[in-house]
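**Q** My structure is below; once you've seen it, I'll send some questions.
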Amino acid sequence: MILELDCGNSLIKWRVVRRHDLVTVAGGVADSDQALLTQLRASGVVDIHYCRMVSVRSEQETDALRVGLETAFPVTVHIAAPATELSGVVNGYREYQRLGMDRWLALVAGHCLAGRGCLVLDLGTAVTSDLVDAAGKHLGGYIAPGMPLMRSQLRTHTRRIRYGDDAAHEALQNLLPGQETSEAVERGCVLMLRGFVREQIDLANRLLGDDCAVYLTGGDAELVKDESARAVVLPDLVFLGLALACPIE
Ligand SMILES: Nc1ncnc2c1ncn2[C@@H]1O[C@H](COP(=O)(O)OP(=O)(O)O)[C@@H](O)[C@H]1O
Ligand SMILES: CC(C)(COP(=O)(O)O)[C@@H](O)C(=O)NCCC(=O)O
Ligand SMILES: [K+]
């Protein structure tokens with residue numbers, strides 16, 4: 001079995017895949033290292049032979065998680081490292097090490113899947129957009145606040161925007177003009193995301209041609225998928241890139 005981990009700024013996504021056919025046998029989403037270890041133990045998965053991880057957290061946090069995993073399971077954790085080139089895709093950052101590793105893995109996987117130009121949008125804590133041309137040249141991308149950041153900024157920097165998680169969830173049944181604070185904020189933020197996605201697709205059409213692939217990933221991808229009939233939601237895109245970056249030796 002292979003244990004794969006994607007540590008974002010909000011959540012740790014994990015899954016266990018079979019070594020011979022990469023079929024997923026267990027998986028989950030954890031909001032802390034401790035919750036992750038508890039979930040892994042509860043999953044009952046044994047015989048983990050290989051572990052690979054991507055993290056956008058600080059070196060200290062990433063290392064603490066690596067140690068936690070290596071203490072709990074008899075494995076070495078392989079951590080995806082920045083690169084100038086991977087699977088025929090060339091990193092477009094002036095300083096390649098500064099490109100977020102989750103972005104890098106998702107855009108490499110996107111290009112491999114598409115076999116042509118592609119736009120990769122990752123909607124998590126931040127929303128990121130990356131453009132790759134047909135030849136595998138990463139043109140660069142954009143970073144904007146995602147739902148969790150927009151929401152918390154509005155809550156922390158105003159006096160009267162206050163509502164709970166249940167109200168937030170209820171508010172997204174539709175996107176009509178909000179008639180209470182939770183609806184107004186939640187729907188407003190989703191419309192911001194959708195506008196961003198539309199802009200990115202327009203830009204990708206101009207820079208990559210309108211036959212380019214459009215891939216959506218990240219926890220909030222479903223909120224924007226109706227923006228384009230061409231957009232494909234691929235929840236596992238970062239994991240696909242992780243397998244390319246850290247193949248089993
Ligand atoms: N099972 C889930 N548990 C918690 N949050 C989820 C889940 N599925 C989707 N989400 C949403 O995903 C977002 C976080 O996305 P994610 O891609 O995990 O972010 P990051 O990579 O920055 O940690 C949150 O806004 C949350 O609303
Ligand atoms: C942009 C990000 C914060 C996105 O993180 P996420 O929303 O997936 O948690 C992350 O990819 C990151 O820290 N990037 C480094 C800066 C950059 O890519 O330029
Ligand atoms: K993201």
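Labeling convention for the structure tokens: chains A, B, ... as they appear, residues from 1 per chain, ligands from 1 in order of appearance.
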Can you pull out every residue with an atom within 7 Å of ligand 1? Use only C-alpha atoms and all ligand atoms and format it as a list in words.
**A**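 So, counting only C-alpha atoms and all ligand atoms, the residues near ligand 1 are Cys7, Gly8, Asn9, Ser10, Leu11, Ile12, Lys13, Val29, Asp122, Leu123, Gly124, Thr125, Ala126, Met147, Pro148, Gly218, Gly219 and Asp220 of chain A.
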**Q** Give me every alpha helix (DSSP H) residue in range 155-211 of chain A, going by DSSP on the backbone, as a PyMOL selection string.
**A** chain A and resi 155-156+165-171+181-208
**Q** How far is it from CA of Leu172 in chain A to atom 4 (C, counted along the ligand's line) of ligand 2, in Å with one decimal?
**A**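 These two atoms are separated by 23.5 Å.
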**Q** For ligand 3, which residue out of A:Thr24, A:Thr158, A:Ser43, A:Thr128 is the nearest one, using only C-alpha atoms and all ligand atoms?
**A**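 Nearest candidate to ligand 3 out of A:Thr24, A:Thr158, A:Ser43, A:Thr128: A:Thr128.
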**Q** Determine which residues of range 65-227 of chain A receive a DSSP assignment of strand (DSSP E), computed from the backbone, and state them as an MDAnalysis selection string.
**A** chainID A and resid 77:79 85:86 89:90 118:123 126:132 138:145 213:217
**Q** Would you mind listing what lies within 8 Å of range 63-68 of chain A as a ChimeraX atom specification, with only C-alpha atoms counted and same-chain residues fewer than 5 positions away left out?
**A** /A:33,37,77
**Q** Take the residues just selected and output them with N, CA and C atoms as a PDB file, in the first residue's frame.
**A**
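Generated file (result-v8.pdb):
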ATOM      1  N   ASP A  33      -2.576  17.369  12.637  1.00  0.00           N
ATOM      2  CA  ASP A  33      -1.714  16.177  12.557  1.00  0.00           C
ATOM      3  C   ASP A  33      -2.305  15.055  13.405  1.00  0.00           C
ATOM      4  N   LEU A  37      -3.476  11.232  12.310  1.00  0.00           N
ATOM      5  CA  LEU A  37      -2.963   9.953  12.836  1.00  0.00           C
ATOM      6  C   LEU A  37      -4.110   9.107  13.375  1.00  0.00           C
ATOM      7  N   VAL A  77       8.999   8.828   4.939  1.00  0.00           N
ATOM      8  CA  VAL A  77       8.109   9.732   4.214  1.00  0.00           C
ATOM      9  C   VAL A  77       8.917  10.477   3.142  1.00  0.00           C
TER      10      VAL A  77
END
**Q** Would you please work out which residue, of A:Gln39, A:Ser129, A:Asn205, A:Ser182, is nearest to ligand 3 when using only C-alpha atoms and all ligand atoms?
**A**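 Result for the nearest residue to ligand 3: A:Ser129.
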